[in-house]
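Trainee: Pasting structure_12.cif here (mmCIF, C-alpha atoms (C1' of nucleotides)):
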```
data_data
#
loop_
_atom_site.label_atom_id
_atom_site.label_comp_id
_atom_site.auth_asym_id
_atom_site.auth_seq_id
_atom_site.Cartn_x
_atom_site.Cartn_y
_atom_site.Cartn_z
CA MET T 1 13.83 -10.66 -24.20
CA SER T 2 10.10 -11.15 -24.47
CA PHE T 3 7.70 -8.92 -22.60
CA GLY T 4 5.33 -11.83 -22.19
CA GLN T 5 7.96 -13.92 -20.46
CA THR T 6 9.05 -11.02 -18.29
CA PHE T 7 5.56 -10.01 -17.19
CA LYS T 8 4.70 -13.64 -16.53
CA ALA T 9 7.79 -13.96 -14.37
CA LEU T 10 6.66 -10.91 -12.41
CA SER T 11 3.12 -12.19 -12.00
CA ASP T 12 4.09 -14.67 -9.27
CA PRO T 13 4.35 -13.36 -5.67
CA VAL T 14 7.24 -15.66 -4.78
CA ARG T 15 9.25 -14.40 -7.73
CA ARG T 16 8.49 -10.78 -6.95
CA GLU T 17 9.66 -11.35 -3.39
CA ILE T 18 12.85 -12.99 -4.65
CA LEU T 19 13.54 -9.91 -6.74
CA THR T 20 12.84 -7.67 -3.77
CA LEU T 21 15.31 -9.67 -1.70
CA LEU T 22 17.90 -9.26 -4.42
CA ARG T 23 17.56 -5.50 -4.20
CA ALA T 24 19.91 -5.78 -1.22
CA GLY T 25 22.55 -7.48 -3.35
CA ARG T 26 23.55 -10.88 -4.65
CA MET T 27 22.38 -13.92 -2.74
CA SER T 28 22.87 -17.67 -3.03
CA ALA T 29 20.01 -19.97 -4.00
CA GLY T 30 19.95 -21.46 -0.51
CA GLU T 31 19.93 -18.08 1.17
CA ILE T 32 17.02 -17.05 -1.03
CA GLY T 33 15.22 -20.28 -0.25
CA SER T 34 15.58 -19.75 3.50
CA HIS T 35 13.14 -16.85 3.21
CA PHE T 36 10.37 -19.10 1.95
CA ASP T 37 8.44 -22.07 3.25
CA MET T 38 9.09 -24.13 0.13
CA THR T 39 11.48 -26.81 -1.01
CA GLY T 40 14.76 -25.90 -2.65
CA ALA T 41 13.51 -27.53 -5.82
CA THR T 42 10.61 -25.13 -5.99
CA ILE T 43 12.88 -22.14 -5.40
CA SER T 44 15.15 -23.47 -8.12
CA TYR T 45 12.17 -23.62 -10.45
CA HIS T 46 11.28 -19.99 -9.73
CA LEU T 47 14.88 -18.91 -10.20
CA SER T 48 14.92 -20.63 -13.58
CA ILE T 49 11.87 -18.63 -14.63
CA LEU T 50 13.50 -15.39 -13.52
CA LYS T 51 16.66 -16.40 -15.34
CA LYS T 52 14.79 -17.16 -18.57
CA ALA T 53 13.11 -13.78 -18.28
CA ASP T 54 16.57 -12.30 -17.87
CA LEU T 55 15.51 -10.62 -14.66
CA VAL T 56 18.42 -12.17 -12.78
CA HIS T 57 21.97 -13.23 -13.54
CA GLU T 58 23.78 -16.08 -11.87
CA SER T 59 27.43 -16.59 -10.99
CA LYS T 60 29.11 -19.55 -9.34
CA TYR T 61 31.53 -19.44 -6.45
CA LYS T 62 32.67 -22.55 -4.59
CA ASN T 63 29.68 -24.69 -3.93
CA TYR T 64 27.20 -21.87 -4.34
CA ILE T 65 25.28 -20.23 -7.12
CA TYR T 66 24.69 -16.56 -6.55
CA TYR T 67 21.86 -14.62 -8.08
CA GLU T 68 21.60 -10.92 -8.69
CA LEU T 69 19.08 -8.54 -10.21
CA ASN T 70 19.40 -7.49 -13.82
CA THR T 71 18.07 -3.98 -13.76
CA SER T 72 18.37 -3.35 -17.49
CA VAL T 73 15.36 -5.56 -18.20
CA VAL T 74 13.43 -3.71 -15.54
CA GLU T 75 14.19 -0.54 -17.44
CA GLU T 76 12.94 -2.01 -20.73
CA LEU T 77 9.72 -2.90 -18.99
CA MET T 78 9.36 0.61 -17.66
CA ALA T 79 9.94 1.98 -21.13
CA TRP T 80 7.15 -0.22 -22.52
CA LEU T 81 4.77 0.91 -19.78
CA SER T 82 5.75 4.51 -20.33
CA HIS T 83 4.96 4.17 -24.01
CA LEU T 84 1.61 2.63 -23.16
CA LYS T 85 0.81 5.48 -20.85
CA GLY T 86 1.43 7.72 -23.82
CA GLY T 87 2.85 11.16 -24.00
CA ASN T 88 6.61 10.78 -24.28
CA GLU T 89 7.04 9.19 -27.67
CA SER T 90 10.79 8.70 -27.08
CA MET I 1 -5.05 -3.42 -6.99
CA SER I 2 -2.78 -6.42 -6.83
CA PHE I 3 0.53 -6.42 -8.63
CA GLY I 4 0.17 -10.14 -9.26
CA GLN I 5 -3.13 -9.67 -11.04
CA THR I 6 -1.81 -6.73 -13.02
CA PHE I 7 1.40 -8.41 -14.14
CA LYS I 8 -0.52 -11.54 -15.02
CA ALA I 9 -2.89 -9.47 -17.12
CA LEU I 10 0.09 -7.99 -18.94
CA SER I 11 1.71 -11.37 -19.51
CA ASP I 12 -0.64 -12.28 -22.36
CA PRO I 13 0.16 -10.98 -25.86
CA VAL I 14 -3.49 -10.51 -26.80
CA ARG I 15 -4.11 -8.38 -23.74
CA ARG I 16 -1.00 -6.31 -24.34
CA GLU I 17 -2.16 -5.68 -27.87
CA ILE I 18 -5.60 -4.67 -26.65
CA LEU I 19 -3.97 -2.14 -24.37
CA THR I 20 -1.83 -0.87 -27.22
CA LEU I 21 -4.96 -0.44 -29.35
CA LEU I 22 -6.57 1.53 -26.54
CA ARG I 23 -3.70 3.97 -26.56
CA ALA I 24 -5.49 5.59 -29.50
CA GLY I 25 -8.59 6.11 -27.41
CA ARG I 26 -11.74 4.34 -26.26
CA MET I 27 -12.99 1.49 -28.38
CA SER I 28 -16.00 -0.84 -28.27
CA ALA I 29 -15.60 -4.53 -27.51
CA GLY I 30 -16.54 -5.46 -31.06
CA GLU I 31 -14.11 -2.96 -32.54
CA ILE I 32 -11.34 -4.41 -30.38
CA GLY I 33 -12.32 -7.93 -31.38
CA SER I 34 -12.14 -7.08 -35.08
CA HIS I 35 -8.36 -6.76 -34.71
CA PHE I 36 -8.00 -10.38 -33.65
CA ASP I 37 -8.69 -13.76 -35.16
CA MET I 38 -10.69 -14.94 -32.15
CA THR I 39 -14.29 -15.22 -31.12
CA GLY I 40 -16.01 -12.36 -29.34
CA ALA I 41 -16.33 -14.58 -26.30
CA THR I 42 -12.57 -14.93 -26.05
CA ILE I 43 -12.08 -11.18 -26.40
CA SER I 44 -14.68 -10.68 -23.72
CA TYR I 45 -12.71 -13.03 -21.48
CA HIS I 46 -9.52 -11.04 -22.01
CA LEU I 47 -11.33 -7.77 -21.40
CA SER I 48 -12.65 -9.15 -18.12
CA ILE I 49 -9.07 -9.95 -17.03
CA LEU I 50 -7.94 -6.44 -17.93
CA LYS I 51 -10.95 -5.03 -16.08
CA LYS I 52 -10.22 -7.06 -12.93
CA ALA I 53 -6.64 -5.83 -13.08
CA ASP I 54 -8.07 -2.33 -13.32
CA LEU I 55 -6.05 -1.70 -16.46
CA VAL I 56 -9.18 -0.65 -18.34
CA HIS I 57 -12.45 1.04 -17.55
CA GLU I 58 -15.71 0.42 -19.32
CA SER I 59 -18.62 2.66 -20.15
CA LYS I 60 -21.86 1.85 -21.92
CA TYR I 61 -23.45 3.81 -24.72
CA LYS I 62 -26.37 2.54 -26.73
CA ASN I 63 -25.80 -1.04 -27.60
CA TYR I 64 -22.04 -0.84 -27.08
CA ILE I 65 -19.59 -1.21 -24.26
CA TYR I 66 -16.58 1.03 -24.64
CA TYR I 67 -13.23 0.31 -23.08
CA GLU I 68 -10.46 2.72 -22.28
CA LEU I 69 -7.04 2.53 -20.69
CA ASN I 70 -6.60 3.30 -17.02
CA THR I 71 -3.18 4.86 -16.93
CA SER I 72 -3.03 5.30 -13.17
CA VAL I 73 -2.45 1.59 -12.64
CA VAL I 74 0.28 1.69 -15.25
CA GLU I 75 1.92 4.37 -13.15
CA GLU I 76 1.71 2.27 -9.99
CA LEU I 77 3.42 -0.54 -11.86
CA MET I 78 6.16 1.78 -12.99
CA ALA I 79 6.64 2.96 -9.43
CA TRP I 80 7.05 -0.62 -8.23
CA LEU I 81 9.59 -1.35 -10.95
CA SER I 82 11.41 1.85 -10.19
CA HIS I 83 11.64 0.89 -6.55
CA LEU I 84 12.95 -2.53 -7.55
CA LYS I 85 15.56 -0.95 -9.73
CA GLY I 86 16.62 0.94 -6.64
CA GLY I 87 18.07 4.37 -6.34
CA ASN I 88 15.18 6.81 -6.16
CA GLU I 89 13.51 5.89 -2.90
CA SER I 90 10.58 8.25 -3.56
"C1'" DT G 1 38.78 -41.17 -2.68
"C1'" DA G 2 34.62 -40.95 -0.02
"C1'" DT G 3 31.38 -38.19 1.75
"C1'" DC G 4 28.99 -33.99 2.54
"C1'" DT G 5 26.60 -29.72 0.99
"C1'" DA G 6 24.28 -26.86 -2.50
"C1'" DT G 7 21.61 -26.87 -6.26
"C1'" DT G 8 19.19 -28.60 -10.27
"C1'" DT G 9 16.46 -31.99 -13.00
"C1'" DA G 10 12.74 -35.41 -13.71
"C1'" DG G 11 8.32 -36.92 -13.09
"C1'" DA G 12 3.84 -36.58 -11.12
"C1'" DA G 13 -0.30 -34.34 -9.04
"C1'" DA G 14 -3.19 -30.33 -8.32
"C1'" DT G 15 -4.62 -26.12 -10.05
"C1'" DA G 16 -5.08 -22.29 -13.35
"C1'" DT G 17 -5.33 -20.38 -18.04
"C1'" DT G 18 -6.90 -19.93 -22.69
"C1'" DT G 19 -9.87 -20.99 -26.17
"C1'" DC G 20 -14.06 -22.65 -28.25
"C1'" DT G 21 -19.34 -23.36 -28.99
"C1'" DA G 22 -23.80 -22.57 -27.44
"C1'" DA G 23 -26.86 -20.04 -24.79
"C1'" DA G 24 -28.17 -15.92 -22.13
"C1'" DT G 25 -28.62 -10.86 -21.45
"C1'" DA G 26 -29.35 -6.24 -22.71
"C1'" DC G 27 -30.29 -2.67 -25.38
"C1'" DT G 28 -32.16 -0.77 -30.23
"C1'" DT G 29 -34.79 -0.38 -33.94
"C1'" DT G 30 -38.71 -1.57 -36.72
"C1'" DA X 1 -43.91 -6.32 -29.07
"C1'" DA X 2 -40.68 -8.69 -32.19
"C1'" DA X 3 -36.46 -9.07 -34.24
"C1'" DG X 4 -31.78 -7.70 -34.59
"C1'" DT X 5 -27.12 -6.43 -32.85
"C1'" DA X 6 -23.45 -6.33 -29.24
"C1'" DT X 7 -21.64 -8.43 -25.57
"C1'" DT X 8 -21.21 -11.62 -21.73
"C1'" DT X 9 -21.72 -16.09 -19.28
"C1'" DA X 10 -21.47 -21.17 -18.86
"C1'" DG X 11 -19.39 -25.31 -19.69
"C1'" DA X 12 -15.94 -28.11 -21.73
"C1'" DA X 13 -11.37 -29.31 -23.78
"C1'" DA X 14 -6.49 -28.47 -24.35
"C1'" DT X 15 -2.54 -26.59 -22.42
"C1'" DA X 16 0.41 -24.38 -18.93
"C1'" DT X 17 1.84 -23.46 -14.15
"C1'" DT X 18 3.16 -24.49 -9.51
"C1'" DT X 19 4.40 -27.51 -6.17
"C1'" DC X 20 6.15 -31.74 -4.27
"C1'" DT X 21 9.39 -36.01 -3.68
"C1'" DA X 22 13.15 -38.49 -5.27
"C1'" DA X 23 17.17 -38.72 -7.83
"C1'" DA X 24 21.09 -36.56 -10.27
"C1'" DT X 25 25.00 -33.31 -10.64
"C1'" DA X 26 28.79 -30.50 -9.15
"C1'" DG X 27 31.92 -28.88 -6.27
"C1'" DA X 28 34.29 -28.92 -1.37
"C1'" DT X 29 36.22 -31.00 2.48
"C1'" DA X 30 37.88 -34.70 5.35
#
```
For this file, produce the structure as structure tokens.

Mentor:
Amino acid sequence: MSFGQTFKALSDPVRREILTLLRAGRMSAGEIGSHFDMTGATISYHLSILKKADLVHESKYKNYIYYELNTSVVEELMAWLSHLKGGNES
Amino acid sequence: MSFGQTFKALSDPVRREILTLLRAGRMSAGEIGSHFDMTGATISYHLSILKKADLVHESKYKNYIYYELNTSVVEELMAWLSHLKGGNES
DNA sequence: TATCTATTTAGAAATATTTCTAAATACTTT
DNA sequence: AAAGTATTTAGAAATATTTCTAAATAGATA
């Protein structure tokens, strides 16, 4: 994991909204796309960025590809920020 | 504050290192620049991004401009990530 | 097997980011 | 006031990002 890649992934509003959607649970690419006024190709591009940043995992079932949040990376990010903030040197 | 702006600011390795330097305390622009193999103009550019993201504050003294971390924004970021991770709905 | 549906990949256009050099600003010291 | 030091601003070049359309892939159903 690279913090740069992860923060960059989080810098885009579409990707942050995708992650927020995934809070509710796993969702197919098409279902995710239906929440946005963009082509499926563009959503696929954003999902690939989130995937590279390891912020989501994918799994296939039938014709669909389902995405879900990977919270462990979110925790690493929080740890980095916590360190930056100082104090707890854990 | 905009999360997009803040995450984008954090996505660059130079800017993350500047923030890490500032953990030790306030530092002048030139002092910050001396840690990097870049022109002062480029450092100034990165500082302006960090400033717009409200991740640093500046104060002037004599001929110098001093920068220091603004930890409150770091905390807001952590709160957003914590919410994403789910669980504590505080 | 042929076709339909879901998703990704490729390629291109528009926009944004990062870096530099050169010049401008601002404050200090002589 | 003049010269020096610290920093920023402007403009330009190289690179990266975001979006689209069109085509490709993969799996499901008729």

Trainee: Find the spatial neighbours of DA24 of chain G, counting only C-alpha atoms (C1' of nucleotides), within a cut-off of 12 Å - ignore same-chain residues fewer than 5 positions away - and output them as a PyMOL selection string.

Mentor: chain X and resi 7-10

Trainee: Kindly resolve the PyMOL selection byres ((chain I and resi 5) around 10) on the present coordinates and return the residues as a ChimeraX atom specification.

Mentor: /T:10-13 /I:1-4,6-11,49-50,52-54

Trainee: Could you take the residues named above and write them with C-alpha atoms, as a short mmCIF file (atom, residue, chain, number, x, y, z; two decimals), in the frame of the given file?

Mentor:
```
data_model
loop_
_atom_site.label_atom_id
_atom_site.label_comp_id
_atom_site.auth_asym_id
_atom_site.auth_seq_id
_atom_site.Cartn_x
_atom_site.Cartn_y
_atom_site.Cartn_z
CA LEU T 10 6.66 -10.91 -12.41
CA SER T 11 3.12 -12.19 -12.00
CA ASP T 12 4.09 -14.67 -9.27
CA PRO T 13 4.35 -13.36 -5.67
CA MET I 1 -5.05 -3.42 -6.99
CA SER I 2 -2.78 -6.42 -6.83
CA PHE I 3 0.53 -6.42 -8.63
CA GLY I 4 0.17 -10.14 -9.26
CA THR I 6 -1.81 -6.73 -13.02
CA PHE I 7 1.40 -8.41 -14.14
CA LYS I 8 -0.52 -11.54 -15.02
CA ALA I 9 -2.89 -9.47 -17.12
CA LEU I 10 0.09 -7.99 -18.94
CA SER I 11 1.71 -11.37 -19.51
CA ILE I 49 -9.07 -9.95 -17.03
CA LEU I 50 -7.94 -6.44 -17.93
CA LYS I 52 -10.22 -7.06 -12.93
CA ALA I 53 -6.64 -5.83 -13.08
CA ASP I 54 -8.07 -2.33 -13.32
#
```

Trainee: Any chance you could fit chain I onto chain T with least squares, all Cα atoms in order, and share the moved copy as an mmCIF file with C-alpha atoms, in the coordinates of the input?

Mentor:
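What follows is the written file part.cif:
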```cif
data_model
loop_
_atom_site.group_PDB
_atom_site.id
_atom_site.type_symbol
_atom_site.label_atom_id
_atom_site.label_comp_id
_atom_site.auth_asym_id
_atom_site.auth_seq_id
_atom_site.Cartn_x
_atom_site.Cartn_y
_atom_site.Cartn_z
ATOM 1 C CA MET I 1 13.809 -10.651 -24.202
ATOM 2 C CA SER I 2 10.091 -11.175 -24.481
ATOM 3 C CA PHE I 3 7.693 -8.945 -22.617
ATOM 4 C CA GLY I 4 5.320 -11.871 -22.201
ATOM 5 C CA GLN I 5 7.953 -13.952 -20.465
ATOM 6 C CA THR I 6 9.032 -11.044 -18.299
ATOM 7 C CA PHE I 7 5.542 -10.040 -17.209
ATOM 8 C CA LYS I 8 4.686 -13.657 -16.542
ATOM 9 C CA ALA I 9 7.775 -13.966 -14.379
ATOM 10 C CA LEU I 10 6.651 -10.919 -12.421
ATOM 11 C CA SER I 11 3.110 -12.209 -12.005
ATOM 12 C CA ASP I 12 4.073 -14.658 -9.258
ATOM 13 C CA PRO I 13 4.332 -13.361 -5.676
ATOM 14 C CA VAL I 14 7.235 -15.643 -4.786
ATOM 15 C CA ARG I 15 9.247 -14.404 -7.735
ATOM 16 C CA ARG I 16 8.475 -10.782 -6.959
ATOM 17 C CA GLU I 17 9.656 -11.339 -3.424
ATOM 18 C CA ILE I 18 12.842 -12.975 -4.656
ATOM 19 C CA LEU I 19 13.516 -9.913 -6.759
ATOM 20 C CA THR I 20 12.817 -7.660 -3.801
ATOM 21 C CA LEU I 21 15.293 -9.669 -1.714
ATOM 22 C CA LEU I 22 17.891 -9.253 -4.443
ATOM 23 C CA ARG I 23 17.564 -5.506 -4.231
ATOM 24 C CA ALA I 24 19.904 -5.772 -1.243
ATOM 25 C CA GLY I 25 22.524 -7.470 -3.363
ATOM 26 C CA ARG I 26 23.549 -10.878 -4.673
ATOM 27 C CA MET I 27 22.383 -13.891 -2.739
ATOM 28 C CA SER I 28 22.889 -17.654 -3.038
ATOM 29 C CA ALA I 29 20.031 -19.949 -3.992
ATOM 30 C CA GLY I 30 19.959 -21.460 -0.519
ATOM 31 C CA GLU I 31 19.951 -18.057 1.146
ATOM 32 C CA ILE I 32 17.016 -17.024 -1.034
ATOM 33 C CA GLY I 33 15.215 -20.263 -0.250
ATOM 34 C CA SER I 34 15.594 -19.731 3.494
ATOM 35 C CA HIS I 35 13.140 -16.828 3.219
ATOM 36 C CA PHE I 36 10.366 -19.087 1.968
ATOM 37 C CA ASP I 37 8.445 -22.050 3.275
ATOM 38 C CA MET I 38 9.111 -24.132 0.165
ATOM 39 C CA THR I 39 11.500 -26.805 -0.952
ATOM 40 C CA GLY I 40 14.776 -25.890 -2.606
ATOM 41 C CA ALA I 41 13.518 -27.527 -5.769
ATOM 42 C CA THR I 42 10.604 -25.120 -5.962
ATOM 43 C CA ILE I 43 12.882 -22.134 -5.396
ATOM 44 C CA SER I 44 15.148 -23.463 -8.096
ATOM 45 C CA TYR I 45 12.150 -23.626 -10.422
ATOM 46 C CA HIS I 46 11.267 -20.001 -9.719
ATOM 47 C CA LEU I 47 14.867 -18.920 -10.184
ATOM 48 C CA SER I 48 14.916 -20.652 -13.561
ATOM 49 C CA ILE I 49 11.835 -18.645 -14.621
ATOM 50 C CA LEU I 50 13.475 -15.409 -13.506
ATOM 51 C CA LYS I 51 16.652 -16.425 -15.336
ATOM 52 C CA LYS I 52 14.783 -17.184 -18.578
ATOM 53 C CA ALA I 53 13.098 -13.803 -18.288
ATOM 54 C CA ASP I 54 16.568 -12.338 -17.884
ATOM 55 C CA LEU I 55 15.498 -10.640 -14.674
ATOM 56 C CA VAL I 56 18.415 -12.195 -12.802
ATOM 57 C CA HIS I 57 21.948 -13.252 -13.564
ATOM 58 C CA GLU I 58 23.787 -16.077 -11.897
ATOM 59 C CA SER I 59 27.410 -16.578 -11.004
ATOM 60 C CA LYS I 60 29.102 -19.524 -9.347
ATOM 61 C CA TYR I 61 31.541 -19.401 -6.476
ATOM 62 C CA LYS I 62 32.676 -22.461 -4.599
ATOM 63 C CA ASN I 63 29.734 -24.647 -3.916
ATOM 64 C CA TYR I 64 27.214 -21.835 -4.348
ATOM 65 C CA ILE I 65 25.280 -20.225 -7.134
ATOM 66 C CA TYR I 66 24.704 -16.541 -6.570
ATOM 67 C CA TYR I 67 21.854 -14.614 -8.100
ATOM 68 C CA GLU I 68 21.597 -10.914 -8.709
ATOM 69 C CA LEU I 69 19.071 -8.561 -10.238
ATOM 70 C CA ASN I 70 19.388 -7.509 -13.850
ATOM 71 C CA THR I 71 18.055 -3.994 -13.784
ATOM 72 C CA SER I 72 18.349 -3.376 -17.511
ATOM 73 C CA VAL I 73 15.343 -5.571 -18.233
ATOM 74 C CA VAL I 74 13.408 -3.721 -15.566
ATOM 75 C CA GLU I 75 14.176 -0.555 -17.482
ATOM 76 C CA GLU I 76 12.927 -2.024 -20.756
ATOM 77 C CA LEU I 77 9.691 -2.915 -19.010
ATOM 78 C CA MET I 78 9.345 0.596 -17.698
ATOM 79 C CA ALA I 79 9.920 1.960 -21.177
ATOM 80 C CA TRP I 80 7.142 -0.227 -22.565
ATOM 81 C CA LEU I 81 4.756 0.895 -19.838
ATOM 82 C CA SER I 82 5.729 4.485 -20.383
ATOM 83 C CA HIS I 83 4.980 4.160 -24.065
ATOM 84 C CA LEU I 84 1.621 2.601 -23.229
ATOM 85 C CA LYS I 85 0.822 5.439 -20.913
ATOM 86 C CA GLY I 86 1.471 7.690 -23.872
ATOM 87 C CA GLY I 87 2.858 11.159 -23.953
ATOM 88 C CA ASN I 88 6.632 10.868 -24.056
ATOM 89 C CA GLU I 89 7.252 9.216 -27.395
ATOM 90 C CA SER I 90 10.978 8.796 -26.666
#
```

Trainee: Work out how far apart atom C1' of DA24 of chain X and atom CA of Leu22 of chain T are and give it in Å to one decimal.

Mentor: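 Between atom C1' of DA24 of chain X and atom CA of Leu22 of chain T the gap works out to 28.1 Å.
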
Trainee: As a check of understanding, name the residues that the PyMOL selection byres ((chain I) within 12 of (chain X)) selects in the supplied structure, as a ChimeraX atom specification.

Mentor: /I:28-31,33,39-48,60-66

Trainee: For a quick check of understanding, using all atoms listed in the file, which of G:DA22, G:DC27, G:DA6, G:DA12 has the smallest distance to chain I?

Mentor: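 Smallest separation from chain I among the options: G:DC27.
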